[in-house]
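> Pasting model.cif below, which is mmCIF, C-alpha atoms.
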data_query
#
loop_
_atom_site.label_atom_id
_atom_site.label_comp_id
_atom_site.auth_asym_id
_atom_site.auth_seq_id
_atom_site.Cartn_x
_atom_site.Cartn_y
_atom_site.Cartn_z
CA MET A 11 148.15 107.69 53.97
CA SER A 12 148.95 104.87 56.43
CA ALA A 13 149.79 101.38 55.27
CA SER A 14 147.11 98.73 55.64
CA ALA A 15 147.28 96.37 58.63
CA PRO A 16 149.27 93.18 58.06
CA THR A 17 147.27 90.04 57.34
CA ILE A 18 147.79 86.37 58.05
CA LEU A 19 149.00 86.03 54.44
CA ASP A 20 151.73 88.58 55.15
CA VAL A 21 152.83 86.55 58.18
CA ALA A 22 152.88 83.34 56.12
CA SER A 23 154.96 85.02 53.40
CA ARG A 24 157.44 86.48 55.88
CA ALA A 25 157.84 83.15 57.70
CA GLY A 26 157.97 81.13 54.46
CA VAL A 27 155.10 78.83 55.48
CA SER A 28 151.49 78.29 54.48
CA LYS A 29 148.55 80.31 55.78
CA SER A 30 147.07 77.19 57.39
CA LEU A 31 150.30 76.54 59.32
CA VAL A 32 150.23 80.10 60.66
CA SER A 33 146.63 79.56 61.76
CA LEU A 34 147.54 76.32 63.52
CA ALA A 35 150.51 77.93 65.27
CA LEU A 36 148.48 80.89 66.53
CA SER A 37 145.79 78.57 67.89
CA GLY A 38 148.42 76.64 69.87
CA SER A 39 148.24 73.43 67.85
CA PRO A 40 150.83 70.78 68.83
CA LYS A 41 151.08 69.82 65.14
CA VAL A 42 153.43 72.75 64.46
CA SER A 43 157.14 72.12 65.01
CA GLU A 44 159.05 74.36 67.41
CA LYS A 45 161.23 75.61 64.54
CA SER A 46 158.23 76.68 62.44
CA LYS A 47 156.51 78.17 65.48
CA ARG A 48 159.54 80.36 66.24
CA ARG A 49 159.66 81.64 62.65
CA ILE A 50 155.96 82.39 62.67
CA LEU A 51 156.06 84.21 66.02
CA GLN A 52 159.06 86.22 64.85
CA ALA A 53 157.15 87.24 61.71
CA VAL A 54 154.13 88.20 63.83
CA GLU A 55 156.31 90.43 66.01
CA GLU A 56 158.14 92.03 63.12
CA LEU A 57 154.94 92.82 61.23
CA GLY A 58 152.90 93.81 64.27
CA TYR A 59 150.20 91.37 63.22
CA ARG A 60 147.07 91.08 65.38
CA PRO A 61 144.82 88.07 64.72
CA ASN A 62 141.24 88.85 63.73
CA ALA A 63 139.22 87.38 66.60
CA ALA A 64 135.97 87.37 64.63
CA ALA A 65 137.51 85.55 61.68
CA ARG A 66 139.23 83.07 63.99
CA SER A 67 135.98 82.31 65.82
CA LEU A 68 134.23 81.63 62.51
CA ALA A 69 137.01 79.29 61.45
CA VAL A 70 137.03 77.22 64.65
CA LYS A 71 133.32 77.80 65.42
CA LYS A 72 134.28 79.00 68.92
CA SER A 73 134.69 82.56 70.13
CA HIS A 74 136.02 81.84 73.63
CA THR A 75 133.81 84.74 74.67
CA LEU A 76 131.16 84.73 77.37
CA GLY A 77 128.39 87.31 77.58
CA VAL A 78 127.59 88.97 80.91
CA LEU A 79 124.46 91.00 81.59
CA VAL A 80 124.62 93.21 84.69
CA LEU A 81 121.36 94.60 86.02
CA ASP A 82 122.84 97.89 87.28
CA LEU A 83 126.38 99.05 86.53
CA HIS A 84 126.10 101.63 89.34
CA ASN A 85 125.53 99.01 92.04
CA PRO A 86 128.84 97.90 93.63
CA VAL A 87 127.32 94.49 94.49
CA PHE A 88 127.18 93.57 90.81
CA ALA A 89 130.64 95.01 90.15
CA GLU A 90 132.16 92.78 92.85
CA ILE A 91 130.35 89.72 91.48
CA LEU A 92 131.64 90.62 88.00
CA ASP A 93 135.20 90.71 89.36
CA GLY A 94 134.77 87.10 90.45
CA VAL A 95 133.38 86.09 87.05
CA GLN A 96 136.28 87.62 85.17
CA THR A 97 138.90 86.15 87.50
CA GLU A 98 137.58 82.65 86.83
CA VAL A 99 137.02 82.88 83.08
CA ARG A 100 140.43 84.44 82.38
CA GLN A 101 142.08 81.40 83.95
CA ARG A 102 140.36 79.30 81.30
CA GLY A 103 141.37 81.54 78.40
CA PHE A 104 137.94 83.13 77.91
CA THR A 105 137.05 86.80 77.58
CA THR A 106 133.81 88.56 78.50
CA MET A 107 131.47 90.98 76.76
CA LEU A 108 129.42 93.14 79.10
CA VAL A 109 125.97 94.71 78.65
CA SER A 110 123.41 96.28 80.97
CA GLY A 111 119.67 96.48 80.61
CA GLY A 112 118.58 98.27 83.76
CA ASP A 113 115.01 97.55 84.83
CA ASP A 114 113.68 97.19 81.28
CA PRO A 115 113.11 93.52 80.27
CA ALA A 116 112.74 94.39 76.58
CA LEU A 117 116.05 96.29 76.60
CA GLU A 118 117.76 93.40 78.39
CA ARG A 119 116.47 91.00 75.74
CA ALA A 120 117.76 93.26 72.96
CA GLU A 121 121.17 93.55 74.61
CA ILE A 122 121.43 89.78 74.93
CA GLU A 123 120.54 89.42 71.23
CA THR A 124 123.45 91.74 70.47
CA LEU A 125 125.75 89.50 72.51
CA GLN A 126 124.53 86.49 70.56
CA GLU A 127 125.41 88.21 67.30
CA PHE A 128 129.02 88.15 68.50
CA GLN A 129 128.83 84.35 68.84
CA ILE A 130 129.12 84.19 72.64
CA GLU A 131 129.49 80.64 73.88
CA GLY A 132 127.64 81.19 77.16
CA LEU A 133 125.77 83.81 79.17
CA ILE A 134 125.87 84.91 82.81
CA LEU A 135 123.01 87.04 84.11
CA ILE A 136 124.06 89.01 87.19
CA SER A 137 120.47 89.60 88.22
CA HIS A 138 117.89 90.50 85.57
CA ARG A 139 114.31 91.61 84.96
CA LEU A 140 113.54 89.13 82.16
CA THR A 141 110.14 87.45 82.05
CA PRO A 142 110.03 83.66 82.42
CA GLU A 143 109.21 83.38 78.72
CA MET A 144 112.19 85.52 77.70
CA LEU A 145 114.53 83.59 79.98
CA ARG A 146 113.27 80.26 78.64
CA GLU A 147 113.95 81.38 75.05
CA ILE A 148 117.44 82.63 75.89
CA ALA A 149 118.45 79.54 77.88
CA ALA A 150 117.32 77.36 74.94
CA GLU A 151 119.61 79.31 72.59
CA VAL A 152 122.77 79.68 74.69
CA PRO A 153 124.05 78.04 77.93
CA THR A 154 122.95 80.37 80.73
CA VAL A 155 123.67 80.86 84.43
CA THR A 156 121.77 83.27 86.69
CA VAL A 157 123.37 84.93 89.72
CA THR A 158 121.46 86.31 92.79
CA ARG A 159 118.06 85.12 91.49
CA ASP A 160 116.66 81.62 91.81
CA ASP A 161 112.94 82.21 91.34
CA ILE A 162 112.78 80.94 87.73
CA ALA A 163 114.08 77.38 87.43
CA LEU A 164 114.65 75.85 84.00
CA PRO A 165 116.12 72.52 82.88
CA ARG A 166 119.87 72.76 82.27
CA MET A 167 120.06 76.37 83.49
CA ASP A 168 122.33 76.75 86.50
CA MET A 169 121.58 79.16 89.34
CA VAL A 170 123.91 80.67 91.93
CA CYS A 171 122.52 82.77 94.75
CA ASN A 172 122.73 83.76 98.39
CA ASP A 173 120.40 82.33 101.05
CA ASP A 174 118.64 85.65 101.61
CA VAL A 175 116.11 84.28 104.11
CA ALA A 176 118.87 82.96 106.35
CA GLY A 177 120.85 86.18 105.91
CA ALA A 178 117.94 88.30 107.12
CA THR A 179 117.62 86.00 110.12
CA LEU A 180 121.25 86.79 111.03
CA ALA A 181 120.40 90.49 111.02
CA VAL A 182 117.35 90.15 113.26
CA ASP A 183 119.12 87.76 115.64
CA HIS A 184 121.96 90.25 116.04
CA LEU A 185 119.64 93.15 116.80
CA VAL A 186 117.57 91.10 119.26
CA SER A 187 120.77 90.06 121.05
CA LEU A 188 121.40 93.77 121.62
CA GLY A 189 117.99 94.20 123.25
CA HIS A 190 116.09 95.57 120.25
CA THR A 191 112.42 94.69 119.89
CA ARG A 192 111.21 97.59 117.75
CA ILE A 193 112.98 96.55 114.56
CA VAL A 194 111.65 97.94 111.28
CA CYS A 195 112.53 96.40 107.91
CA LEU A 196 113.20 98.84 105.06
CA SER A 197 112.66 96.58 102.06
CA GLY A 198 114.34 96.80 98.67
CA GLY A 199 111.11 97.09 96.73
CA ASP A 200 109.30 94.71 94.41
CA ASN A 201 111.93 92.18 93.35
CA PRO A 202 112.61 88.53 94.32
CA VAL A 203 115.76 89.18 96.36
CA SER A 204 114.10 91.89 98.46
CA HIS A 205 111.04 89.70 98.97
CA ALA A 206 113.24 86.88 100.32
CA ARG A 207 115.00 89.22 102.73
CA ALA A 208 111.68 90.62 103.95
CA GLN A 209 110.45 87.04 104.42
CA GLY A 210 113.50 86.21 106.51
CA TYR A 211 112.87 89.29 108.65
CA THR A 212 109.22 88.38 109.22
CA GLU A 213 110.02 84.78 110.12
CA ALA A 214 112.84 85.77 112.48
CA MET A 215 110.65 88.35 114.24
CA ALA A 216 108.03 85.63 114.76
CA GLU A 217 110.69 83.24 116.08
CA HIS A 218 111.61 85.83 118.72
CA GLY A 219 107.97 86.47 119.63
CA LEU A 220 108.01 89.91 118.03
CA SER A 221 105.37 89.44 115.33
CA GLY A 222 103.26 92.14 116.94
CA PHE A 223 105.81 94.77 115.98
CA ALA A 224 107.01 93.36 112.66
CA GLN A 225 106.79 96.29 110.25
CA ILE A 226 107.98 96.46 106.62
CA VAL A 227 108.34 99.80 104.85
CA SER A 228 108.63 99.43 101.08
CA GLY A 229 111.70 101.13 99.69
CA GLY A 230 114.29 100.38 97.04
CA LEU A 231 117.93 99.51 96.51
CA SER A 232 119.35 103.02 96.06
CA ASP A 233 120.55 105.43 98.72
CA THR A 234 117.67 107.81 97.95
CA ALA A 235 115.15 104.97 98.32
CA GLY A 236 116.70 104.00 101.65
CA TYR A 237 116.55 107.61 102.77
CA SER A 238 112.85 107.95 101.88
CA ALA A 239 111.95 104.60 103.46
CA ALA A 240 113.75 105.56 106.68
CA GLN A 241 111.87 108.84 106.85
CA GLN A 242 108.62 106.85 106.76
CA GLY A 243 109.97 104.25 109.17
CA LEU A 244 110.86 106.83 111.80
CA ALA A 245 107.14 107.41 112.35
CA LEU A 246 106.98 103.86 113.79
CA SER A 247 109.38 104.79 116.63
CA PRO A 248 111.91 102.03 115.92
CA THR A 249 115.10 101.38 117.82
CA ALA A 250 116.63 99.62 114.79
CA PHE A 251 116.40 99.45 111.01
CA PHE A 252 117.16 96.31 109.03
CA VAL A 253 117.74 97.57 105.49
CA ALA A 254 117.58 95.37 102.39
CA ASN A 255 121.02 96.40 101.11
CA ASP A 256 124.09 98.39 102.12
CA ILE A 257 123.51 101.30 99.74
CA GLY A 258 119.97 101.72 101.07
CA ALA A 259 121.32 101.53 104.63
CA MET A 260 123.63 104.47 103.93
CA GLY A 261 120.62 106.50 102.84
CA ALA A 262 118.75 105.40 105.96
CA ILE A 263 121.61 106.59 108.19
CA ALA A 264 121.45 110.01 106.52
CA ALA A 265 117.71 110.22 107.27
CA VAL A 266 118.22 109.23 110.90
CA GLU A 267 120.94 111.82 111.44
CA GLU A 268 118.96 114.49 109.61
CA ALA A 269 116.13 113.85 112.09
CA GLY A 270 118.51 114.78 114.92
CA LEU A 271 119.06 111.21 116.08
CA GLU A 272 122.27 109.29 116.55
CA VAL A 273 123.41 106.01 115.02
CA PRO A 274 123.64 103.70 116.92
CA GLY A 275 122.84 105.56 120.14
CA ASP A 276 119.18 106.18 119.24
CA ILE A 277 118.69 103.86 116.26
CA SER A 278 120.86 100.99 115.09
CA VAL A 279 121.15 100.34 111.35
CA ILE A 280 122.20 97.09 109.68
CA GLY A 281 122.57 96.59 105.94
CA TYR A 282 122.94 93.61 103.64
CA ASP A 283 125.51 92.60 100.97
CA GLY A 284 128.91 93.32 102.47
CA ILE A 285 130.19 95.66 99.75
CA ARG A 286 133.72 97.03 100.21
CA LEU A 287 132.37 100.55 100.63
CA ALA A 288 130.59 99.49 103.84
CA GLY A 289 133.92 98.77 105.49
CA LEU A 290 135.34 102.26 105.03
CA ARG A 291 136.05 104.00 108.32
CA SER A 292 133.69 106.84 107.42
CA VAL A 293 130.84 104.36 106.83
CA ASN A 294 131.63 101.55 109.30
CA LEU A 295 128.36 99.76 108.53
CA THR A 296 127.24 96.59 110.24
CA THR A 297 126.14 94.27 107.45
CA VAL A 298 125.13 90.78 106.44
CA ALA A 299 127.91 90.02 103.97
CA GLN A 300 127.47 87.86 100.91
CA PRO A 301 130.60 86.23 99.44
CA LEU A 302 130.27 88.39 96.32
CA GLY A 303 133.47 87.40 94.55
CA HIS A 304 132.76 83.73 95.27
CA LEU A 305 129.29 84.06 93.72
CA GLY A 306 130.89 85.33 90.51
CA ARG A 307 133.58 82.67 90.42
CA LEU A 308 131.07 79.91 91.11
CA ALA A 309 128.73 81.16 88.37
CA ALA A 310 131.59 81.21 85.86
CA ARG A 311 132.68 77.73 86.95
CA ARG A 312 129.17 76.34 86.44
CA LEU A 313 128.95 77.89 82.98
CA LEU A 314 132.31 76.50 81.93
CA GLU A 315 131.30 73.08 83.24
CA ARG A 316 128.14 73.25 81.14
CA LEU A 317 130.14 74.13 78.05
CA ASP A 318 132.14 70.95 78.66
CA ASP A 319 129.00 68.88 79.31
CA PRO A 320 125.85 70.55 77.88
CA SER A 321 123.52 67.72 78.90
CA ARG A 322 124.30 67.62 82.61
CA LYS A 323 121.61 68.36 85.19
CA ALA A 324 121.17 71.91 86.41
CA HIS A 325 123.01 72.99 89.56
CA HIS A 326 121.34 75.22 92.12
CA ASP A 327 124.05 76.61 94.41
CA GLN A 328 122.95 78.56 97.47
CA VAL A 329 125.77 80.14 99.48
CA ALA A 330 125.68 81.40 103.06
CA SER A 331 126.27 84.92 104.33
CA HIS A 332 128.01 85.98 107.52
CA LEU A 333 127.52 88.87 109.90
CA ILE A 334 130.08 91.68 110.10
CA VAL A 335 129.53 93.81 113.19
CA ARG A 336 130.77 97.37 112.94
CA GLY A 337 129.82 100.72 114.39
CA THR A 338 126.21 101.26 113.26
CA THR A 339 124.63 98.76 115.67
CA GLY A 340 124.63 98.90 119.46
CA PRO A 341 122.44 98.20 122.49
CA ALA A 342 118.84 99.32 122.27
CA PRO A 343 118.11 102.53 124.20
CA HIS A 344 117.16 101.63 127.79
CA ALA A 345 117.58 97.91 126.98
CA THR A 346 117.88 95.65 129.98
CA ARG A 347 120.89 93.40 129.59
#
Write out the structure in this file as structure tokens.


Amino acid sequence: MSASAPTILDVASRAGVSKSLVSLALSGSPKVSEKSKRRILQAVEELGYRPNAAARSLAVKKSHTLGVLVLDLHNPVFAEILDGVQTEVRQRGFTTMLVSGGDDPALERAEIETLQEFQIEGLILISHRLTPEMLREIAAEVPTVTVTRDDIALPRMDMVCNDDVAGATLAVDHLVSLGHTRIVCLSGGDNPVSHARAQGYTEAMAEHGLSGFAQIVSGGLSDTAGYSAAQQGLALSPTAFFVANDIGAMGAIAAVEEAGLEVPGDISVIGYDGIRLAGLRSVNLTTVAQPLGHLGRLAARRLLERLDDPSRKAHHDQVASHLIVRGTTGPAPHATR
């Protein structure tokens, strides 16, 4: 039978000090002398004591923990944003607790309630499917920042997102510069980000005098959805596909090649997001790249600022994308240059 884990009382006894002094030392209080601190830390090491984070958070009424909800753990976009979040919060001595709710608003709400039971001090939503009512309730209970979505604005809730309309314009401008006029948009389905990217496509096509051919095929954000949308889009005889995200673009390329066509010789394909996977030599995808890590760091920074000043006005940060030209886009077939 193993011995029970050492407690803070054991540390105090070993160091010959009071329990409260041990607590102060472990929380970094300047009130503890260097001599006492050394004795306490030596006792901690000798006993193998690990502070109880839950008990400590109850004592100081702060957990130094931030909750993070990620819409889809399988999507590398959200993983790269999460990397940025964690980089920023660790520098401030915070930890994160991660949950995922998928496309189910009720499940997302339940997962966030679980986070709140662990006394999180703030919440970052890396995309979500919450209703406005749910989001309003949550933001009233815990400081909240949303990332990638800016369609639901609330007082004192910060938002960090990409300018998706402008990003889609970059994609269309690039394809038009290569002589493409038959550009089909494979959308990401029924969600605010995909709607904004489809809007940017439509407006850019109009700006180039191509409204007559502007065609949007409804798809999704997975590779299988991109594949299916491309199969439908091929019936429109395009010379280029603008796809709502990089993963969908990879599926679209598979559909093009399966149809016996070449990328980019017959059809150019451009994605959106700029995930690391798109830069692999075997993929070599032209893409509109969001600064994903920066989005995460900025969201964490805004949340930490709100913890310092809960009453400040809400920030709405919109960051710009940039075009990365690789091997999946080229001149339109028979284009006059």

> My list of candidates is A:Asn294, A:Thr106, A:Ser197, A:Gln300. Which is closest to Ser238 (chain A) when distances are computed with all atoms listed in the file?

A:Ser197

> Which is closest to Met144 (chain A) among A:Phe128, A:Val335, A:Ile122, A:Thr158, if we use only C-alpha atoms?

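Looking at the shortest contact to Met144 (chain A), the residue is A:Ile122.
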
> Written as a VMD selection string, which residues does the PyMOL selection byres ((chain A and resi 104) around 12) give for the file shown?

chain A and resid 72 to 77 95 to 103 105 to 107 130 to 132 310 to 311 313 to 314 317

> Kindly give the distance, in Å, that separates CA of Ala250 (chain A) and CA of Ile193 (chain A), rounded to a single decimal.

4.8 Å

> Hey, what comes out of the PyMOL selection byres ((chain A and resi 276-289) around 8) on this file? Could you write it as an MDAnalysis selection string?

chainID A and resid 86:87 90 181 248:259 262:263 266 271:275 290:291 293:302 334 338:340 342:343

> I'd like to know which of A:Asp233, A:Glu217, A:Asp318, A:Asp161 is closest to Pro202 (chain A), using only C-alpha atoms.

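For Pro202 (chain A), the nearest of the given residues is A:Asp161.
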
> Quick one: of A:Ser110, A:Leu79, A:Glu121, A:Asp168, who's nearest to Ser321 (chain A), counting all atoms listed in the file?

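Comparing A:Ser110, A:Leu79, A:Glu121, A:Asp168 against Ser321 (chain A), the winner is A:Asp168.
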
> Can you tell me which residues surround Val32 (chain A) at a distance of at most 8 Å, considering all atoms listed in the file, apart from same-chain residues fewer than 3 positions away, and format the answer as a PyMOL selection string?

chain A and resi 18+21-22+27-29+35-36+50

> Just so the selection is clear, what residues does the PyMOL selection byres ((chain A and resi 159) around 9) cover here, as a PyMOL selection string?

chain A and resi 136-138+156-158+160-162+169-172+202-203

> What is the CA of Asp82 (chain A)-CA of Glu315 (chain A) distance in Å, reported with one decimal?

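Between these atoms lies a distance of 26.5 Å.
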
> Enter the distance from CA of Gly243 (chain A) to CA of Leu196 (chain A), in Å, rounded to one decimal.

7.5 Å

> For a quick check of understanding, using all atoms listed in the file, which of A:Ser228, A:Thr154, A:Thr141, A:Ser331 has the smallest distance to Gly199 (chain A)?

A:Ser228
